[in-house]
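Structure data (mmCIF, C-alpha atoms) from final-v5.cif:
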data_data
loop_
_atom_site.label_atom_id
_atom_site.label_comp_id
_atom_site.auth_asym_id
_atom_site.auth_seq_id
_atom_site.Cartn_x
_atom_site.Cartn_y
_atom_site.Cartn_z
CA MET K 1123 -46.28 -10.63 42.17
CA SER K 1124 -49.59 -11.20 43.95
CA SER K 1125 -49.58 -14.64 45.48
CA GLY K 1126 -53.20 -15.21 46.47
CA GLN K 1127 -56.76 -14.20 45.64
CA ASN K 1128 -57.01 -11.93 48.72
CA ASP K 1129 -53.66 -10.27 48.12
CA THR K 1130 -54.36 -6.60 47.45
CA ARG K 1131 -50.81 -5.34 47.74
CA PRO K 1132 -49.71 -3.34 44.67
CA MET K 1133 -47.51 -5.18 42.22
CA SER K 1134 -44.04 -3.87 41.58
CA PRO K 1135 -44.49 -1.33 38.77
CA PHE K 1136 -41.01 -1.84 37.42
CA THR K 1137 -41.79 -1.28 33.74
CA THR K 1138 -43.24 2.16 34.43
CA VAL K 1139 -40.65 3.38 36.91
CA TRP K 1140 -37.43 1.86 35.72
CA ARG K 1141 -35.36 3.29 32.92
CA TRP K 1142 -35.31 0.76 30.10
CA HIS K 1143 -31.94 -0.91 29.71
CA VAL K 1144 -30.85 -3.47 27.18
CA THR K 1145 -30.52 -6.50 29.49
CA MET K 1146 -34.10 -5.86 30.61
CA VAL K 1147 -35.21 -5.82 26.96
CA THR K 1148 -33.54 -9.16 26.18
CA SER K 1149 -34.98 -10.69 29.36
CA ILE K 1150 -38.52 -9.65 28.39
CA LEU K 1151 -37.93 -10.68 24.76
CA HIS K 1152 -36.77 -14.13 25.88
CA ARG K 1153 -40.12 -14.83 27.50
CA LEU K 1154 -42.08 -13.12 24.72
CA SER K 1155 -40.28 -15.14 22.04
CA ALA K 1156 -41.00 -18.30 24.05
CA VAL K 1157 -44.73 -17.61 23.92
CA VAL K 1158 -44.48 -16.82 20.18
CA LEU K 1159 -42.62 -20.12 19.64
CA ALA K 1160 -45.36 -21.95 21.54
CA ALA K 1161 -47.72 -20.83 18.76
CA GLY K 1162 -45.09 -21.79 16.19
CA SER K 1163 -44.85 -25.30 17.62
CA VAL K 1164 -48.54 -25.81 16.83
CA LEU K 1165 -47.70 -25.05 13.20
CA ILE K 1166 -44.86 -27.62 13.22
CA ALA K 1167 -47.24 -30.33 14.51
CA LEU K 1168 -49.87 -29.32 11.91
CA TRP K 1169 -47.25 -29.34 9.16
CA LEU K 1170 -46.11 -32.87 10.06
CA LEU K 1171 -49.75 -34.01 10.30
CA ALA K 1172 -50.57 -32.57 6.85
CA LEU K 1173 -47.49 -34.26 5.44
CA ALA K 1174 -48.64 -37.59 6.91
CA ILE K 1175 -52.24 -37.26 5.68
CA GLY K 1176 -51.48 -36.53 2.03
CA GLU K 1177 -50.31 -34.27 -0.77
CA LYS K 1178 -53.58 -32.28 -1.01
CA GLN K 1179 -53.57 -31.32 2.68
CA TYR K 1180 -49.84 -30.54 2.56
CA ASP K 1181 -50.21 -28.29 -0.49
CA GLN K 1182 -53.18 -26.51 1.11
CA LEU K 1183 -51.17 -25.76 4.25
CA MET K 1184 -48.12 -24.66 2.22
CA ASN K 1185 -50.33 -22.34 0.15
CA ILE K 1186 -51.59 -20.68 3.34
CA ILE K 1187 -48.05 -20.36 4.72
CA SER K 1188 -46.65 -18.98 1.46
CA SER K 1189 -49.30 -16.24 1.22
CA LEU K 1190 -48.08 -12.76 2.22
CA PRO K 1191 -49.65 -12.75 5.72
CA GLY K 1192 -48.41 -16.32 6.16
CA GLN K 1193 -44.86 -15.36 5.23
CA ILE K 1194 -44.91 -12.36 7.59
CA ILE K 1195 -46.03 -14.60 10.48
CA LEU K 1196 -43.44 -17.22 9.53
CA PHE K 1197 -40.72 -14.57 9.48
CA GLY K 1198 -41.85 -13.56 12.98
CA PHE K 1199 -41.46 -17.18 14.07
CA THR K 1200 -37.97 -17.27 12.50
CA LEU K 1201 -36.97 -14.10 14.35
CA ALA K 1202 -38.33 -15.47 17.65
CA LEU K 1203 -36.57 -18.80 17.06
CA PHE K 1204 -33.13 -17.31 16.42
CA PHE K 1205 -33.46 -14.82 19.27
CA HIS K 1206 -34.54 -17.49 21.75
CA LEU K 1207 -31.83 -19.88 20.53
CA LEU K 1208 -29.03 -17.29 20.78
CA ASN K 1209 -30.24 -15.79 24.05
CA GLY K 1210 -30.51 -19.33 25.41
CA VAL K 1211 -26.74 -19.62 24.95
CA ARG K 1212 -26.38 -16.61 27.28
CA TYR K 1213 -28.43 -18.45 29.92
CA LEU K 1214 -26.19 -21.51 29.59
CA LEU K 1215 -23.08 -19.33 29.92
CA TRP K 1216 -24.57 -17.68 33.03
CA ASP K 1217 -25.15 -21.17 34.48
CA SER K 1218 -21.42 -21.77 34.14
CA GLY K 1219 -20.79 -18.52 36.03
CA ARG K 1220 -19.66 -16.48 33.06
CA GLY K 1221 -20.89 -13.27 31.44
CA PHE K 1222 -22.33 -11.49 34.48
CA GLU K 1223 -20.19 -8.31 34.22
CA LYS K 1224 -22.36 -5.32 33.35
CA SER K 1225 -20.40 -4.49 30.21
CA THR K 1226 -20.40 -8.13 29.04
CA ALA K 1227 -24.11 -8.55 29.70
CA ASN K 1228 -24.91 -5.35 27.80
CA LEU K 1229 -22.66 -6.32 24.90
CA THR K 1230 -24.08 -9.85 24.56
CA SER K 1231 -27.62 -8.40 24.70
CA TRP K 1232 -26.95 -6.24 21.65
CA LEU K 1233 -25.04 -9.07 19.99
CA VAL K 1234 -27.89 -11.55 20.42
CA MET K 1235 -30.53 -9.15 19.12
CA SER K 1236 -28.56 -8.13 16.05
CA MET K 1237 -27.46 -11.70 15.28
CA ALA K 1238 -31.09 -12.85 15.49
CA VAL K 1239 -32.05 -10.32 12.80
CA ILE K 1240 -29.03 -11.16 10.63
CA LEU K 1241 -29.54 -14.95 10.85
CA SER K 1242 -33.27 -14.64 10.13
CA LEU K 1243 -32.59 -12.53 7.03
CA ALA K 1244 -29.82 -14.95 5.97
CA LEU K 1245 -32.08 -17.99 6.35
CA TRP K 1246 -34.85 -16.36 4.33
CA ALA K 1247 -32.38 -15.22 1.68
CA ALA K 1248 -31.12 -18.82 1.48
CA GLY K 1249 -34.72 -20.05 1.23
CA TYR K 1250 -35.56 -17.67 -1.61
CA TRP K 1251 -32.28 -18.52 -3.33
CA MET K 1252 -33.14 -22.23 -3.10
CA LEU K 1253 -36.54 -21.52 -4.65
CA GLU K 1254 -34.86 -19.74 -7.56
CA ALA K 1255 -32.14 -22.35 -8.02
CA PHE K 1256 -34.23 -25.50 -7.47
CA PRO K 1257 -37.85 -24.66 -8.35
CA GLY K 1258 -38.97 -28.31 -8.21
CA GLN K 1259 -42.52 -29.34 -9.04
CA SER K 1260 -44.32 -26.83 -6.82
CA ASN K 1261 -45.27 -23.23 -7.36
CA TYR K 1262 -44.36 -21.97 -3.89
CA MET Q 1353 -23.28 -36.44 58.52
CA ALA Q 1354 -23.39 -33.67 55.97
CA LYS Q 1355 -19.83 -34.44 54.98
CA LEU Q 1356 -20.77 -37.99 53.98
CA GLN Q 1357 -23.43 -36.78 51.57
CA THR Q 1358 -22.62 -36.40 47.89
CA PRO Q 1359 -23.41 -33.00 46.32
CA ARG Q 1360 -26.11 -34.77 44.30
CA SER Q 1361 -27.89 -36.23 47.34
CA LYS Q 1362 -27.96 -32.80 49.02
CA ILE Q 1363 -30.13 -31.35 46.26
CA THR Q 1364 -32.19 -34.36 45.17
CA GLY Q 1365 -35.84 -34.02 46.08
CA LEU Q 1366 -35.67 -30.50 47.52
CA GLY Q 1367 -38.31 -27.79 47.05
CA ALA Q 1368 -42.03 -27.59 47.76
CA SER Q 1369 -42.90 -30.11 45.05
CA GLY Q 1370 -40.14 -32.52 46.10
CA HIS Q 1371 -38.66 -32.48 42.61
CA GLY Q 1372 -35.42 -30.75 43.57
CA THR Q 1373 -33.53 -29.33 40.60
CA HIS Q 1374 -35.04 -31.79 38.14
CA HIS Q 1375 -37.07 -29.12 36.29
CA PHE Q 1376 -34.05 -26.82 36.02
CA LEU Q 1377 -31.75 -29.60 34.79
CA VAL Q 1378 -34.17 -30.97 32.19
CA GLN Q 1379 -34.76 -27.43 30.88
CA ARG Q 1380 -30.97 -27.10 30.36
CA VAL Q 1381 -30.48 -30.56 28.87
CA THR Q 1382 -33.29 -30.06 26.34
CA ALA Q 1383 -31.91 -26.58 25.57
CA ILE Q 1384 -28.50 -28.03 24.67
CA CYS Q 1385 -30.19 -30.71 22.51
CA LEU Q 1386 -32.20 -28.03 20.70
CA LEU Q 1387 -29.09 -25.93 20.18
CA VAL Q 1388 -27.79 -28.76 17.95
CA LEU Q 1389 -31.08 -30.09 16.54
CA VAL Q 1390 -32.66 -26.81 15.41
CA PRO Q 1391 -29.87 -25.76 13.00
CA PHE Q 1392 -29.50 -29.41 11.87
CA VAL Q 1393 -33.20 -29.77 11.00
CA LEU Q 1394 -33.43 -26.25 9.51
CA PHE Q 1395 -30.59 -27.15 7.16
CA GLN Q 1396 -32.30 -30.37 6.04
CA PHE Q 1397 -35.67 -28.63 5.70
CA LEU Q 1398 -34.12 -25.90 3.54
CA ALA Q 1399 -32.66 -28.54 1.23
CA ALA Q 1400 -35.99 -30.36 0.81
CA PHE Q 1401 -38.87 -27.88 0.96
CA THR Q 1402 -38.40 -26.22 -2.45
CA SER Q 1403 -38.94 -29.52 -4.29
CA GLY Q 1404 -42.46 -29.92 -2.93
CA TYR Q 1405 -44.44 -32.70 -1.28
CA ASP Q 1406 -42.59 -35.74 -2.66
CA ALA Q 1407 -39.11 -34.53 -1.70
CA VAL Q 1408 -40.24 -33.47 1.79
CA HIS Q 1409 -42.05 -36.80 2.23
CA ILE Q 1410 -38.89 -38.72 1.28
CA TRP Q 1411 -36.81 -36.59 3.67
CA VAL Q 1412 -39.18 -37.07 6.66
CA GLY Q 1413 -39.49 -40.80 5.84
CA SER Q 1414 -35.71 -41.31 5.70
CA TRP Q 1415 -33.76 -42.61 8.69
CA LEU Q 1416 -31.91 -39.31 9.16
CA GLY Q 1417 -35.03 -37.19 8.72
CA SER Q 1418 -37.18 -39.32 11.03
CA ILE Q 1419 -34.64 -39.55 13.82
CA SER Q 1420 -33.72 -35.87 13.75
CA LEU Q 1421 -37.39 -34.81 13.65
CA LEU Q 1422 -38.36 -37.23 16.44
CA ALA Q 1423 -35.49 -35.92 18.56
CA LEU Q 1424 -36.37 -32.30 17.71
CA THR Q 1425 -40.10 -32.55 18.50
CA THR Q 1426 -39.43 -34.51 21.71
CA ALA Q 1427 -36.85 -32.04 23.03
CA MET Q 1428 -38.95 -29.10 21.80
CA PHE Q 1429 -42.31 -30.01 23.37
CA TRP Q 1430 -40.60 -31.06 26.61
CA HIS Q 1431 -38.70 -27.75 26.75
CA LEU Q 1432 -41.91 -25.88 25.86
CA ARG Q 1433 -43.93 -27.54 28.61
CA LEU Q 1434 -41.31 -26.68 31.27
CA GLY Q 1435 -40.89 -23.10 30.04
CA LEU Q 1436 -44.61 -22.36 29.77
CA GLN Q 1437 -45.14 -23.89 33.22
CA ILE Q 1438 -42.79 -21.31 34.77
CA THR Q 1439 -44.43 -18.50 32.82
CA ILE Q 1440 -47.91 -19.58 33.98
CA GLU Q 1441 -46.73 -19.91 37.59
CA ASP Q 1442 -45.29 -16.37 37.44
CA TYR Q 1443 -48.43 -14.59 36.25
CA PHE Q 1444 -51.45 -16.59 37.43
CA GLY Q 1445 -52.71 -17.82 40.78
CA GLY Q 1446 -55.39 -19.95 42.37
CA SER Q 1447 -57.55 -22.39 40.48
CA PHE Q 1448 -57.00 -20.60 37.15
CA ARG Q 1449 -53.31 -21.41 37.47
CA MET Q 1450 -54.14 -25.07 37.97
CA LEU Q 1451 -56.37 -25.04 34.89
CA LEU Q 1452 -53.66 -23.40 32.76
CA LEU Q 1453 -51.00 -25.83 34.03
CA LEU Q 1454 -53.25 -28.76 33.13
CA LEU Q 1455 -53.95 -27.32 29.66
CA ASN Q 1456 -50.22 -26.68 29.17
CA PHE Q 1457 -49.34 -30.27 30.07
CA LEU Q 1458 -52.10 -31.85 27.98
CA GLY Q 1459 -51.59 -29.47 25.04
CA CYS Q 1460 -47.84 -30.11 24.78
CA LEU Q 1461 -48.43 -33.85 25.19
CA ALA Q 1462 -51.08 -33.85 22.43
CA LEU Q 1463 -48.92 -31.85 20.01
CA TRP Q 1464 -45.96 -34.13 20.71
CA LEU Q 1465 -48.09 -37.25 20.10
CA VAL Q 1466 -49.48 -35.81 16.84
CA SER Q 1467 -45.93 -35.01 15.67
CA VAL Q 1468 -44.49 -38.39 16.63
CA LEU Q 1469 -47.39 -40.34 15.09
CA SER Q 1470 -47.10 -38.31 11.86
CA ILE Q 1471 -43.35 -38.89 11.57
CA LEU Q 1472 -43.65 -42.61 12.36
CA SER Q 1473 -46.50 -43.13 9.90
CA ILE Q 1474 -44.43 -41.47 7.13
CA PHE Q 1475 -41.38 -43.53 8.15
CA PHE Q 1476 -43.21 -46.90 8.06
CA GLU Q 1477 -45.19 -45.98 4.95
CA GLY Q 1478 -42.12 -45.48 2.75
#

Starting from the file, lay out its structure as structure tokens.
Amino acid sequence: MSSGQNDTRPMSPFTTVWRWHVTMVTSILHRLSAVVLAAGSVLIALWLLALAIGEKQYDQLMNIISSLPGQIILFGFTLALFFHLLNGVRYLLWDSGRGFEKSTANLTSWLVMSMAVILSLALWAAGYWMLEAFPGQSNY
Amino acid sequence: MAKLQTPRSKITGLGASGHGTHHFLVQRVTAICLLVLVPFVLFQFLAAFTSGYDAVHIWVGSWLGSISLLALTTAMFWHLRLGLQITIEDYFGGSFRMLLLLLNFLGCLALWLVSVLSILSIFFEG
């Protein structure tokens, strides 16, 4: 990592030289999902603001979110949320000194990634089921 | 002398910024809070959102909804500010880093204030 403006030393080209391994993938995904969730947090603040302002603004925002591009982006946020949440548990376990063995770290990497996909799909299935079962007054 | 010091006093105020392990600890404490709050709020949201504006408004304005959302947004934007700070410090240098750190701090603070004000206005309205 270059530390100053006059630092011309080459940066460590680890992503081009190293063989990709799964713990590296989850490490990169943790930071990537964090940046994605930063964008998602703006939506949460906007959603609360729209809810406070009034029904018209809330319905407008919900119509944008429930459009197809909106739903795809929201599913991306869901995926990032569950991944970051589950992978965060790994960080807390590491802080307690557990889970550093190579086989354990590899296993929990795969576990966290697959569980993130499963939980995201489950949450969305539950959401769609709720829409079917309790349609309410709205059309989304 | 070292033997008379508590483990806590040995680490308090260390580091270039003089903040010791405060950043690290707060990042962990907010993480544990979010581990509980995120599923809790998701569950409540799922139960309310299909019934439209009125049901969501009642949920956010309720004691349970307000408190869990206030706790969630507070832990979330605090955790976000700390995490983005580390990310910015890792990839940027010089005066641009300072600008990004300032924007990160003010942006997270603004989003938190907007969220808190919205929740409180719904709570006191109903």

Item to check | Residue hits in chain Q, query chain K, radius 10 Å, all atoms listed in the file, as a PyMOL selection string | outcome: chain Q and resi 1380+1383-1384+1386-1387+1390-1391+1394-1395+1397-1409+1412-1413+1421+1425+1428-1429+1432-1433+1435-1436+1439+1441-1447+1459-1460+1462-1475+1477

For the selection you just gave me, I'd like the residues written to a file as an mmCIF file, in the coordinates of the input, keeping C-alpha atoms.
data_model
loop_
_atom_site.group_PDB
_atom_site.id
_atom_site.type_symbol
_atom_site.label_atom_id
_atom_site.label_comp_id
_atom_site.auth_asym_id
_atom_site.auth_seq_id
_atom_site.Cartn_x
_atom_site.Cartn_y
_atom_site.Cartn_z
ATOM 1 C CA ARG Q 1380 -30.970 -27.100 30.360
ATOM 2 C CA ALA Q 1383 -31.910 -26.580 25.570
ATOM 3 C CA ILE Q 1384 -28.500 -28.030 24.670
ATOM 4 C CA LEU Q 1386 -32.200 -28.030 20.700
ATOM 5 C CA LEU Q 1387 -29.090 -25.930 20.180
ATOM 6 C CA VAL Q 1390 -32.660 -26.810 15.410
ATOM 7 C CA PRO Q 1391 -29.870 -25.760 13.000
ATOM 8 C CA LEU Q 1394 -33.430 -26.250 9.510
ATOM 9 C CA PHE Q 1395 -30.590 -27.150 7.160
ATOM 10 C CA PHE Q 1397 -35.670 -28.630 5.700
ATOM 11 C CA LEU Q 1398 -34.120 -25.900 3.540
ATOM 12 C CA ALA Q 1399 -32.660 -28.540 1.230
ATOM 13 C CA ALA Q 1400 -35.990 -30.360 0.810
ATOM 14 C CA PHE Q 1401 -38.870 -27.880 0.960
ATOM 15 C CA THR Q 1402 -38.400 -26.220 -2.450
ATOM 16 C CA SER Q 1403 -38.940 -29.520 -4.290
ATOM 17 C CA GLY Q 1404 -42.460 -29.920 -2.930
ATOM 18 C CA TYR Q 1405 -44.440 -32.700 -1.280
ATOM 19 C CA ASP Q 1406 -42.590 -35.740 -2.660
ATOM 20 C CA ALA Q 1407 -39.110 -34.530 -1.700
ATOM 21 C CA VAL Q 1408 -40.240 -33.470 1.790
ATOM 22 C CA HIS Q 1409 -42.050 -36.800 2.230
ATOM 23 C CA VAL Q 1412 -39.180 -37.070 6.660
ATOM 24 C CA GLY Q 1413 -39.490 -40.800 5.840
ATOM 25 C CA LEU Q 1421 -37.390 -34.810 13.650
ATOM 26 C CA THR Q 1425 -40.100 -32.550 18.500
ATOM 27 C CA MET Q 1428 -38.950 -29.100 21.800
ATOM 28 C CA PHE Q 1429 -42.310 -30.010 23.370
ATOM 29 C CA LEU Q 1432 -41.910 -25.880 25.860
ATOM 30 C CA ARG Q 1433 -43.930 -27.540 28.610
ATOM 31 C CA GLY Q 1435 -40.890 -23.100 30.040
ATOM 32 C CA LEU Q 1436 -44.610 -22.360 29.770
ATOM 33 C CA THR Q 1439 -44.430 -18.500 32.820
ATOM 34 C CA GLU Q 1441 -46.730 -19.910 37.590
ATOM 35 C CA ASP Q 1442 -45.290 -16.370 37.440
ATOM 36 C CA TYR Q 1443 -48.430 -14.590 36.250
ATOM 37 C CA PHE Q 1444 -51.450 -16.590 37.430
ATOM 38 C CA GLY Q 1445 -52.710 -17.820 40.780
ATOM 39 C CA GLY Q 1446 -55.390 -19.950 42.370
ATOM 40 C CA SER Q 1447 -57.550 -22.390 40.480
ATOM 41 C CA GLY Q 1459 -51.590 -29.470 25.040
ATOM 42 C CA CYS Q 1460 -47.840 -30.110 24.780
ATOM 43 C CA ALA Q 1462 -51.080 -33.850 22.430
ATOM 44 C CA LEU Q 1463 -48.920 -31.850 20.010
ATOM 45 C CA TRP Q 1464 -45.960 -34.130 20.710
ATOM 46 C CA LEU Q 1465 -48.090 -37.250 20.100
ATOM 47 C CA VAL Q 1466 -49.480 -35.810 16.840
ATOM 48 C CA SER Q 1467 -45.930 -35.010 15.670
ATOM 49 C CA VAL Q 1468 -44.490 -38.390 16.630
ATOM 50 C CA LEU Q 1469 -47.390 -40.340 15.090
ATOM 51 C CA SER Q 1470 -47.100 -38.310 11.860
ATOM 52 C CA ILE Q 1471 -43.350 -38.890 11.570
ATOM 53 C CA LEU Q 1472 -43.650 -42.610 12.360
ATOM 54 C CA SER Q 1473 -46.500 -43.130 9.900
ATOM 55 C CA ILE Q 1474 -44.430 -41.470 7.130
ATOM 56 C CA PHE Q 1475 -41.380 -43.530 8.150
ATOM 57 C CA GLU Q 1477 -45.190 -45.980 4.950
#

Checklist entry - Of the residues K:Ser1149, K:Thr1130, K:Ser1218, K:Ser1155, which is the one nearest to K:Ala1202, using only C-alpha atoms? => result K:Ser1155

Next on the checklist: When you look at Q:Ala1427 with a cut-off of 9 Å (counting only C-alpha atoms), what residues show up, excluding the ones that are within fewer than 4 positions of it in the same chain? I need them as an MDAnalysis selection string.
Outcome noted: chainID Q and resid 1381:1383 1385:1386 1389 1422:1423 1431:1432

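The space separating atom CA of K:Ala1161 from atom CA of K:Phe1199 comes to 8.6 Å.
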
Item to check | Counting only C-alpha atoms, the option among Q:Leu1453, Q:Val1393, Q:Ile1410, Q:Ala1368 closest to Q:Leu1424 | outcome: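 Using only C-alpha atoms, Q:Leu1424 sits closest to Q:Val1393.
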
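The nearest approach to Q:Phe1392 among the residues Q:Pro1359, Q:Val1378, Q:Ser1420, Q:His1371, with only C-alpha atoms taken into account, belongs to Q:Ser1420.
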
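Nearest residue to K:Ser1236, choosing from K:Thr1148, K:Val1158, K:Arg1131, K:Gln1182 and counting all atoms listed in the file: K:Thr1148.
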
Checklist entry - atom CA of K:Thr1226 to atom CA of K:Leu1201: how many Å, to one decimal? => result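 One can read the atom CA of K:Thr1226 to atom CA of K:Leu1201 distance as 22.9 Å.
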
Item to check | Atom-to-atom span, atom CA of Q:Leu1377 and atom CA of Q:Leu1434, Å | outcome: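 Computed distance, atom CA of Q:Leu1377 to atom CA of Q:Leu1434, equals 10.6 Å.
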
Model the absent atoms of stretch 1389-1406 of chain Q so that N, CA and C atoms are present, and write the result as a compact mmCIF listing (two decimals), in the coordinates of the input.
# COMPACT_ATOMS: atom_id res chain seq x y z
N LEU Q 1389 -30.04 -29.53 17.42
CA LEU Q 1389 -31.08 -30.09 16.54
C LEU Q 1389 -31.73 -29.03 15.66
N VAL Q 1390 -31.96 -27.83 16.20
CA VAL Q 1390 -32.66 -26.81 15.41
C VAL Q 1390 -31.89 -26.42 14.15
N PRO Q 1391 -30.59 -26.06 14.24
CA PRO Q 1391 -29.87 -25.76 13.00
C PRO Q 1391 -29.79 -26.98 12.07
N PHE Q 1392 -29.62 -28.18 12.65
CA PHE Q 1392 -29.50 -29.41 11.87
C PHE Q 1392 -30.76 -29.66 11.05
N VAL Q 1393 -31.93 -29.53 11.69
CA VAL Q 1393 -33.20 -29.77 11.00
C VAL Q 1393 -33.51 -28.64 10.02
N LEU Q 1394 -33.20 -27.39 10.41
CA LEU Q 1394 -33.43 -26.25 9.51
C LEU Q 1394 -32.67 -26.44 8.21
N PHE Q 1395 -31.44 -26.92 8.32
CA PHE Q 1395 -30.59 -27.15 7.16
C PHE Q 1395 -31.21 -28.21 6.23
N GLN Q 1396 -31.67 -29.31 6.84
CA GLN Q 1396 -32.30 -30.37 6.04
C GLN Q 1396 -33.61 -29.91 5.42
N PHE Q 1397 -34.39 -29.13 6.20
CA PHE Q 1397 -35.67 -28.63 5.70
C PHE Q 1397 -35.45 -27.72 4.49
N LEU Q 1398 -34.43 -26.86 4.61
CA LEU Q 1398 -34.12 -25.90 3.54
C LEU Q 1398 -33.77 -26.64 2.25
N ALA Q 1399 -33.08 -27.78 2.40
CA ALA Q 1399 -32.66 -28.54 1.23
C ALA Q 1399 -33.83 -29.26 0.57
N ALA Q 1400 -34.90 -29.53 1.33
CA ALA Q 1400 -35.99 -30.36 0.81
C ALA Q 1400 -37.23 -29.58 0.40
N PHE Q 1401 -37.53 -28.46 1.09
CA PHE Q 1401 -38.87 -27.88 0.96
C PHE Q 1401 -39.17 -27.30 -0.43
N THR Q 1402 -38.14 -26.86 -1.15
CA THR Q 1402 -38.40 -26.22 -2.45
C THR Q 1402 -38.88 -27.23 -3.49
N SER Q 1403 -38.59 -28.51 -3.30
CA SER Q 1403 -38.94 -29.52 -4.29
C SER Q 1403 -40.34 -30.09 -4.06
N GLY Q 1404 -41.07 -29.55 -3.10
CA GLY Q 1404 -42.46 -29.92 -2.93
C GLY Q 1404 -42.70 -31.19 -2.13
N TYR Q 1405 -43.96 -31.64 -2.14
CA TYR Q 1405 -44.44 -32.70 -1.28
C TYR Q 1405 -43.57 -33.96 -1.32
N ASP Q 1406 -43.29 -34.46 -2.55
CA ASP Q 1406 -42.59 -35.74 -2.66
C ASP Q 1406 -41.21 -35.71 -1.99
